[in-house]
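Trainee: There's a structure below that I have some questions on.
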Protein chains: 2
Amino acid sequence: MRFPPRLEQLLNTLRRLPGVGPKTAQRMAFHLLERDREGAAALASALQGALQHIGHCGRCRMLAEGEVCALCSMPGRDHALVCVVESPADVGAVEESGSYRGLYFVLHGRLSPLDGVGPAELGLDSLAARLRGGGVREVILATSATVEGEATAAYVATMARDNGLRATRIAHGVPIGGEIEYVDGTTLARAIAGRVVVDTDGEPGH
Amino acid sequence: MRFPPRLEQLLNTLRRLPGVGPKTAQRMAFHLLERDREGAAALASALQGALQHIGHCGRCRMLAEGEVCALCSMPGRDHALVCVVESPADVGAVEESGSYRGLYFVLHGRLSPLDGVGPAELGLDSLAARLRGGGVREVILATSATVEGEATAAYVATMARDNGLRATRIAHGVPIGGEIEYVDGTTLARAIAGRVVVDTDGEPGH
């Protein structure tokens, strides 16, 4: 036994955090106990508050404190646009870009039959009901650019088209500020295949 | 506002942990809320348990659950040896090496007059009382090999000698398994200055 039992327990629970190994857990525990006891108390109560009050939005499955999340009930959002993403973090990233004024649907995963993740696990029945319900014009597929993400996008696109809706996929290509030299071959191939006509005024068109 | 208020609060408190920035805090919060709510509850209660019950050992200033820590009250430890370290993590490291059977004294810092850390802040008056109290034979100085660590070691060594006790410093040199080629110059200079005579039977001696 190196440390008092309650300290060992704190170390063990800190190690359940993603990316935290024994050394990091120790650094965190000592920091909290020696230099930031107030922070430790704040963290404990924030965890409990979050556990008690945060669930999923009944409409978009985003993390939410009430029945319906703040985004879904926000006036001025375009309810005719639904952006389908894999995780709450993706909603945060799109919101931070400041380029989107529609609503979301969070899958909490992607289709992966081998891991037992099918349409039901991703809540696609509730998305289907929402698409059938009317009021939606376009479904924007912002799942990841992986094999499973693409399969999920294709599946949801079919669902949208079956309801007579437009399905779009976010563009893939060279990141802004990226040096062509350092971009991987797959991305570059995709960027070339997805090239757009440059208008004479310098703006790209289709 | 990107996330519900209680989630934002959790993100902010997670960022008080050392080495945790906005992205890591987000990864941790989503992991806890989406995949490990049990772990989040365990972490909250471990934090509260630790805050309530963990203080400092009255003898060695190590983190402890009672008045006196487990190490100080453990039978079979050599009370004549006191190893002086800078932090509780150092006690953990020395204990893990399995090479020491004496007691400790934790400074919780090192002498740094410019930062207002003097002998009183390091609890050296209580160490002095312990050294005067008799029963101690040797003080082992295991402070870090930095300017401040060396100054602290020198200060405590003087205290020990004033009480007629032996003061020793842990050895500094090339780490075991270290390639000479990659060892920094200061360490190598120290290793050469601190060289020991090799006995004819192959064991180093003094």
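We label chains A, B, ... in the order they appear in the structure tokens, count residues from 1 in each chain, and number ligands from 1 in the order shown.
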Pull out every residue of chain A sitting within 8 Å of chain B, counting only C-alpha atoms, and send them as a PyMOL selection string.

Mentor: chain A and resi 2-4+6-7+9-10+13-14+16-18+26-28+30-33+37+39-51+53-54+63-65+69-70+88-89+92+95-96

Trainee: Any chance you could list, as a PyMOL selection string, the residues in range 20-81 of chain A that come up strand (DSSP E or B) when DSSP is run on the backbone?

Mentor: chain A and resi 55-56+63-64+78-81

Trainee: Keeping only C-alpha atoms, write those residues as a short mmCIF file (atom, residue, chain, number, x, y, z; two decimals), in the first residue's frame.

Mentor:
```
data_model
loop_
_atom_site.label_atom_id
_atom_site.label_comp_id
_atom_site.auth_asym_id
_atom_site.auth_seq_id
_atom_site.Cartn_x
_atom_site.Cartn_y
_atom_site.Cartn_z
CA GLY A 55 -30.19 13.59 -20.55
CA HIS A 56 -30.95 13.50 -24.26
CA LEU A 63 -27.26 16.25 -24.57
CA ALA A 64 -29.90 18.46 -22.94
CA ASP A 78 -34.23 26.95 -39.65
CA HIS A 79 -36.37 23.90 -38.89
CA ALA A 80 -36.30 22.83 -42.54
CA LEU A 81 -32.62 21.83 -42.26
#
```

Trainee: Any idea what's packed within 7 Å of range 109-118 of chain A, counting only C-alpha atoms, ignoring anything in its chain fewer than 4 positions away? Could you give it as a list in words?

Mentor: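 These residues fall inside the cut-off: Glu86, Ser87, Leu122, Glu148, Gly149, Ala151 and Thr152 of chain A.
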
Trainee: Could you give me, as a PyMOL selection string, the residues within 12 Å of Ile180 in chain A, counting only C-alpha atoms and dropping anything in the same chain fewer than 5 positions from it?

Mentor: chain A and resi 173-175+185+187-189+191-192

Trainee: Point out the residue among A:Ile170, A:Gly76, A:Gly98, A:Leu127 with the least atom-to-atom distance to Arg59 in chain A, counting only C-alpha atoms.

Mentor: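 Residue with the minimum atom-to-atom distance to Arg59 in chain A: A:Leu127.
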
Trainee: Please extract the residues of range 11-101 of chain A with a backbone DSSP assignment of alpha helix (DSSP H) and present them as number ranges by chain.

Mentor: A: 11-14, 22-30, 37-53, 88-97

Trainee: Quick one: pull the distance between CA of Leu131 in chain A and CA of Val82 in chain A, Å, one decimal.

Mentor: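 Value for the CA of Leu131 in chain A-CA of Val82 in chain A distance: 9.1 Å.
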
Trainee: Determine, counting only C-alpha atoms, which protein, DNA and RNA residues have an atom within 12 Å of an atom of range 165-168 of chain B; residues of the same chain fewer than 3 positions away are not included. Present the result as a PDB file with N, CA, C and O atoms, in the first residue's frame.

Mentor:
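Result file selection-v7.pdb:
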```pdb
ATOM      1  N   ALA B  80      15.097   5.204  12.536  1.00  0.00           N
ATOM      2  CA  ALA B  80      16.348   5.955  12.641  1.00  0.00           C
ATOM      3  C   ALA B  80      16.702   6.626  11.316  1.00  0.00           C
ATOM      4  O   ALA B  80      17.606   7.454  11.260  1.00  0.00           O
ATOM      5  N   LEU B  81      15.994   6.270  10.243  1.00  0.00           N
ATOM      6  CA  LEU B  81      16.254   6.857   8.929  1.00  0.00           C
ATOM      7  C   LEU B  81      15.106   7.784   8.545  1.00  0.00           C
ATOM      8  O   LEU B  81      13.947   7.386   8.616  1.00  0.00           O
ATOM      9  N   VAL B  82      15.428   9.012   8.127  1.00  0.00           N
ATOM     10  CA  VAL B  82      14.401   9.929   7.637  1.00  0.00           C
ATOM     11  C   VAL B  82      14.787  10.387   6.235  1.00  0.00           C
ATOM     12  O   VAL B  82      15.867  10.961   6.042  1.00  0.00           O
ATOM     13  N   CYS B  83      13.934  10.087   5.273  1.00  0.00           N
ATOM     14  CA  CYS B  83      14.189  10.498   3.895  1.00  0.00           C
ATOM     15  C   CYS B  83      13.375  11.763   3.614  1.00  0.00           C
ATOM     16  O   CYS B  83      12.148  11.760   3.709  1.00  0.00           O
ATOM     17  N   VAL B  84      14.056  12.844   3.258  1.00  0.00           N
ATOM     18  CA  VAL B  84      13.388  14.121   3.031  1.00  0.00           C
ATOM     19  C   VAL B  84      13.094  14.287   1.539  1.00  0.00           C
ATOM     20  O   VAL B  84      14.018  14.255   0.716  1.00  0.00           O
ATOM     21  N   ALA B 128      12.940  19.845  12.516  1.00  0.00           N
ATOM     22  CA  ALA B 128      14.011  20.131  13.481  1.00  0.00           C
ATOM     23  C   ALA B 128      13.674  19.521  14.836  1.00  0.00           C
ATOM     24  O   ALA B 128      14.520  18.887  15.476  1.00  0.00           O
ATOM     25  N   ARG B 130      11.800  16.979  15.332  1.00  0.00           N
ATOM     26  CA  ARG B 130      11.904  15.522  15.224  1.00  0.00           C
ATOM     27  C   ARG B 130      13.369  15.083  15.302  1.00  0.00           C
ATOM     28  O   ARG B 130      13.681  14.058  15.911  1.00  0.00           O
ATOM     29  N   LEU B 131      14.269  15.855  14.689  1.00  0.00           N
ATOM     30  CA  LEU B 131      15.690  15.500  14.694  1.00  0.00           C
ATOM     31  C   LEU B 131      16.277  15.671  16.107  1.00  0.00           C
ATOM     32  O   LEU B 131      17.093  14.867  16.551  1.00  0.00           O
ATOM     33  N   ARG B 132      15.841  16.715  16.795  1.00  0.00           N
ATOM     34  CA  ARG B 132      16.313  16.963  18.163  1.00  0.00           C
ATOM     35  C   ARG B 132      15.782  15.909  19.125  1.00  0.00           C
ATOM     36  O   ARG B 132      16.425  15.584  20.113  1.00  0.00           O
ATOM     37  N   GLY B 133      14.593  15.385  18.808  1.00  0.00           N
ATOM     38  CA  GLY B 133      13.903  14.476  19.718  1.00  0.00           C
ATOM     39  C   GLY B 133      14.633  13.158  19.962  1.00  0.00           C
ATOM     40  O   GLY B 133      14.263  12.388  20.845  1.00  0.00           O
ATOM     41  N   GLY B 134      15.686  12.880  19.166  1.00  0.00           N
ATOM     42  CA  GLY B 134      16.418  11.632  19.349  1.00  0.00           C
ATOM     43  C   GLY B 134      15.777  10.498  18.581  1.00  0.00           C
ATOM     44  O   GLY B 134      14.630  10.596  18.139  1.00  0.00           O
ATOM     45  N   GLY B 135      16.533   9.417  18.405  1.00  0.00           N
ATOM     46  CA  GLY B 135      16.009   8.250  17.702  1.00  0.00           C
ATOM     47  C   GLY B 135      16.346   8.266  16.218  1.00  0.00           C
ATOM     48  O   GLY B 135      16.301   7.232  15.556  1.00  0.00           O
ATOM     49  N   VAL B 136      16.690   9.438  15.673  1.00  0.00           N
ATOM     50  CA  VAL B 136      17.071   9.501  14.261  1.00  0.00           C
ATOM     51  C   VAL B 136      18.595   9.427  14.148  1.00  0.00           C
ATOM     52  O   VAL B 136      19.319  10.049  14.932  1.00  0.00           O
ATOM     53  N   ARG B 137      19.070   8.641  13.172  1.00  0.00           N
ATOM     54  CA  ARG B 137      20.505   8.458  13.004  1.00  0.00           C
ATOM     55  C   ARG B 137      20.981   9.152  11.727  1.00  0.00           C
ATOM     56  O   ARG B 137      22.054   9.738  11.689  1.00  0.00           O
ATOM     57  N   GLU B 138      20.152   9.057  10.677  1.00  0.00           N
ATOM     58  CA  GLU B 138      20.599   9.549   9.376  1.00  0.00           C
ATOM     59  C   GLU B 138      19.453  10.243   8.653  1.00  0.00           C
ATOM     60  O   GLU B 138      18.314   9.773   8.665  1.00  0.00           O
ATOM     61  N   VAL B 139      19.765  11.374   8.008  1.00  0.00           N
ATOM     62  CA  VAL B 139      18.800  12.086   7.184  1.00  0.00           C
ATOM     63  C   VAL B 139      19.229  11.935   5.726  1.00  0.00           C
ATOM     64  O   VAL B 139      20.333  12.326   5.351  1.00  0.00           O
ATOM     65  N   ILE B 140      18.351  11.318   4.915  1.00  0.00           N
ATOM     66  CA  ILE B 140      18.670  11.096   3.505  1.00  0.00           C
ATOM     67  C   ILE B 140      17.986  12.188   2.689  1.00  0.00           C
ATOM     68  O   ILE B 140      16.764  12.330   2.744  1.00  0.00           O
ATOM     69  N   LEU B 141      18.757  12.959   1.937  1.00  0.00           N
ATOM     70  CA  LEU B 141      18.204  14.095   1.209  1.00  0.00           C
ATOM     71  C   LEU B 141      17.854  13.665  -0.213  1.00  0.00           C
ATOM     72  O   LEU B 141      18.739  13.420  -1.038  1.00  0.00           O
ATOM     73  N   ALA B 142      16.555  13.526  -0.483  1.00  0.00           N
ATOM     74  CA  ALA B 142      16.098  13.083  -1.806  1.00  0.00           C
ATOM     75  C   ALA B 142      15.310  14.199  -2.490  1.00  0.00           C
ATOM     76  O   ALA B 142      14.319  13.948  -3.166  1.00  0.00           O
ATOM     77  N   THR B 143      15.753  15.434  -2.309  1.00  0.00           N
ATOM     78  CA  THR B 143      15.134  16.544  -3.043  1.00  0.00           C
ATOM     79  C   THR B 143      15.627  16.501  -4.486  1.00  0.00           C
ATOM     80  O   THR B 143      16.594  15.799  -4.793  1.00  0.00           O
ATOM     81  N   ALA B 153      18.409  20.833   0.072  1.00  0.00           N
ATOM     82  CA  ALA B 153      19.174  19.712   0.614  1.00  0.00           C
ATOM     83  C   ALA B 153      20.287  20.237   1.514  1.00  0.00           C
ATOM     84  O   ALA B 153      20.517  19.714   2.619  1.00  0.00           O
ATOM     85  N   ALA B 154      20.984  21.281   1.053  1.00  0.00           N
ATOM     86  CA  ALA B 154      22.092  21.838   1.833  1.00  0.00           C
ATOM     87  C   ALA B 154      21.584  22.383   3.167  1.00  0.00           C
ATOM     88  O   ALA B 154      22.208  22.183   4.220  1.00  0.00           O
ATOM     89  N   TYR B 155      20.428  23.036   3.123  1.00  0.00           N
ATOM     90  CA  TYR B 155      19.857  23.624   4.340  1.00  0.00           C
ATOM     91  C   TYR B 155      19.511  22.540   5.363  1.00  0.00           C
ATOM     92  O   TYR B 155      19.846  22.631   6.544  1.00  0.00           O
ATOM     93  N   VAL B 156      18.838  21.478   4.873  1.00  0.00           N
ATOM     94  CA  VAL B 156      18.436  20.395   5.780  1.00  0.00           C
ATOM     95  C   VAL B 156      19.658  19.635   6.278  1.00  0.00           C
ATOM     96  O   VAL B 156      19.709  19.203   7.443  1.00  0.00           O
ATOM     97  N   ALA B 157      20.693  19.499   5.408  1.00  0.00           N
ATOM     98  CA  ALA B 157      21.926  18.815   5.820  1.00  0.00           C
ATOM     99  C   ALA B 157      22.555  19.548   7.001  1.00  0.00           C
ATOM    100  O   ALA B 157      23.020  18.919   7.970  1.00  0.00           O
ATOM    101  N   THR B 158      22.579  20.883   6.927  1.00  0.00           N
ATOM    102  CA  THR B 158      23.139  21.677   8.026  1.00  0.00           C
ATOM    103  C   THR B 158      22.353  21.448   9.312  1.00  0.00           C
ATOM    104  O   THR B 158      22.929  21.246  10.389  1.00  0.00           O
ATOM    105  N   MET B 159      20.998  21.440   9.170  1.00  0.00           N
ATOM    106  CA  MET B 159      20.138  21.154  10.331  1.00  0.00           C
ATOM    107  C   MET B 159      20.501  19.811  10.967  1.00  0.00           C
ATOM    108  O   MET B 159      20.571  19.688  12.193  1.00  0.00           O
ATOM    109  N   ALA B 160      20.691  18.804  10.100  1.00  0.00           N
ATOM    110  CA  ALA B 160      20.990  17.457  10.591  1.00  0.00           C
ATOM    111  C   ALA B 160      22.322  17.451  11.323  1.00  0.00           C
ATOM    112  O   ALA B 160      22.436  16.927  12.438  1.00  0.00           O
ATOM    113  N   ARG B 161      23.342  18.067  10.699  1.00  0.00           N
ATOM    114  CA  ARG B 161      24.674  18.060  11.305  1.00  0.00           C
ATOM    115  C   ARG B 161      24.688  18.839  12.617  1.00  0.00           C
ATOM    116  O   ARG B 161      25.365  18.470  13.560  1.00  0.00           O
ATOM    117  N   ASP B 162      23.906  19.907  12.695  1.00  0.00           N
ATOM    118  CA  ASP B 162      23.807  20.675  13.944  1.00  0.00           C
ATOM    119  C   ASP B 162      23.281  19.808  15.083  1.00  0.00           C
ATOM    120  O   ASP B 162      23.529  20.096  16.256  1.00  0.00           O
ATOM    121  N   ALA B 171      22.426   9.446  -4.723  1.00  0.00           N
ATOM    122  CA  ALA B 171      23.434   9.564  -5.779  1.00  0.00           C
ATOM    123  C   ALA B 171      22.825  10.111  -7.061  1.00  0.00           C
ATOM    124  O   ALA B 171      21.658   9.840  -7.377  1.00  0.00           O
TER     125      ALA B 171
END
```
